[in-house]
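Undergrad: I am attaching a structure below and will ask some questions about it afterwards.
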Amino acid sequence: MPNWLEIVLRTLMAVAVLFVLTKLLGKRQISELSLFEYITGISIGNIAGYVSLDVDNLWYLGLVSLIVWVGVAVGIEWWTLKSKKASNWIDGKGRVLIREGQLQKDMMKKERLTMDELMAQLRSKDVYRVADVEFAVMESSGEINVMLKKQYQPLTPDMLGWQMSDEREPQTLIMDGQVLDAALRNSGKDNEWLKGQLKRYKLKPEDVYVAQLEADDSILFHLHDGRILPSENGSKPADRIQSLTRQLESELRRLERFSRNENDRRLYQHAIDTLQSGIAKLNPNSGNK
């Protein structure tokens, strides 16, 4: 067999074996690596290169070496899962670099981390003042995770006491002109409903690149020509008003629930009734809740 053909076949075999062994090692090998996983990745790559290119008659021993490396890696991962001490020793453990806005200089020295490097990592998290940080820890992977002090954290609906509706996963109903029947069933819709939505915008399935059903049961069509239907600018004012009034109604119901006296409760209920009446006038088919 010519050498070039032998190298082609051995390379293809090495790729196949490497793919199978990497699947065995798991997704951690292609995400944030620990020290041992980093060493394992380099070693396996070198051995695969040897198997592919070395013209030595004993090249097949490289496959044995690959299997041994993967076996050791899997064994150590199992060991670190069972033993916290082993995990700390092999993978390392996180070190607190900032606590309550104060730099932990001794920990920075242990990690051999300069102030410039720390500030660069903080800036990557949109943090520019050390004093704003409640807690910052360097993980075993080398990444620095940051928790801001309460007063500097972004506002959330929970902080404001807002009652938010549950979010649902958008369902992709059409992809590259093909209707996805399984997704359509999961969404609780049927083909007749989808045909009605397509007819509304004078579309055929083959005109659509992607169609997604949103959490509020509205459907968004991304067309092959780059258009999006319905466009945000083309949405009806009544639809926008309904969305805003529903948010306001949710807040009024929360306030009604926590009313301190009967008079306040009646005022909130009257406001809710007024909102519902307004929604009904905008869309006669909506009805009262």
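Letters for chains follow the order of the structure tokens (A, B, ...), residue numbers begin at 1 for each chain, and ligand numbers begin at 1 in the order shown.
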If you run DSSP on the backbone here, which positions in stretch 146-280 of chain A get strand (DSSP E)? Please write them as a list of chain:residue names.
TA: A:Val146, A:Met147, A:Leu148, A:Gln171, A:Thr172, A:Leu173, A:Ile174, A:Met175, A:Gln178, A:Val179, A:Val208, A:Tyr209, A:Val210, A:Ala211, A:Gln212, A:Leu213, A:Ile219, A:Leu220, A:Phe221, A:His222, A:Leu223, A:Ile228, A:Leu229
Undergrad: Suppose you want the space between atom CA of A:Met138 and atom CA of A:Ser43; what is it in Å?
TA: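 These two atoms are separated by 26.0 Å.
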Undergrad: Where in stretch 80-284 of chain A does DSSP assign alpha helix (DSSP H), given as a PyMOL selection string?
TA: chain A and resi 80-82+84-90+105-110+115-124+157-160+181-186+191-200+237-257+262-282
Undergrad: Ranking A:Leu118, A:Asp176, A:Arg168, A:Lys93 by minimum distance to A:Ser141 and counting only C-alpha atoms, which one comes first?
TA: A:Lys93
Undergrad: So that I can check the surroundings of A:Ile174, please list as JSON, numbers by chain every protein, DNA and RNA residue that reaches within 8 Å of it, counting only C-alpha atoms and ignoring chain neighbours fewer than 3 positions away.
TA: {"A": [177, 178, 179, 180, 205, 208, 209, 210, 211, 212]}
Undergrad: Can I get the selection written as a compact mmCIF listing (two decimals), in the first residue's frame, with C-alpha atoms?
TA:
```txt
# COMPACT_ATOMS: atom_id res chain seq x y z
CA GLY A 177 -40.35 26.33 3.95
CA GLN A 178 -41.09 23.07 5.79
CA VAL A 179 -43.91 22.83 8.35
CA LEU A 180 -42.67 21.15 11.56
CA PRO A 205 -44.99 27.83 3.47
CA VAL A 208 -41.17 31.45 4.87
CA TYR A 209 -37.63 30.91 6.13
CA VAL A 210 -38.60 30.70 9.81
CA ALA A 211 -41.97 31.08 11.57
CA GLN A 212 -42.10 31.18 15.35
```
Undergrad: So, with only C-alpha atoms as the atoms that count, which of A:Leu194, A:Leu9, A:Ile76, A:Ile44 lies closest to A:Val64?
TA: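 Of the candidates, the smallest distance to A:Val64 is held by A:Ile44.
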Undergrad: Please report the interatomic distance between atom CA of A:Glu139 and atom CA of A:Met108 in Å with one decimal.
TA: 12.7 Å
Undergrad: Env of A:Leu97: 9 Å cut, atoms = only C-alpha atoms, seq-sep filter 3 positions within chain, self excluded. Answer as a PyMOL selection string.
TA: chain A and resi 102-108+118+135-138+144
Undergrad: Could you pull the residues within 6 Å of stretch 122-132 of chain A, counting only C-alpha atoms, minus those fewer than 2 positions along the same chain, as an MDAnalysis selection string?
TA: chainID A and resid 101 119:120 148:149
Undergrad: Just give me the gap between atom CA of A:Asn186 and atom CA of A:Ser250 in Å, one decimal is fine.
TA: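 Value for the atom CA of A:Asn186-atom CA of A:Ser250 distance: 27.5 Å.
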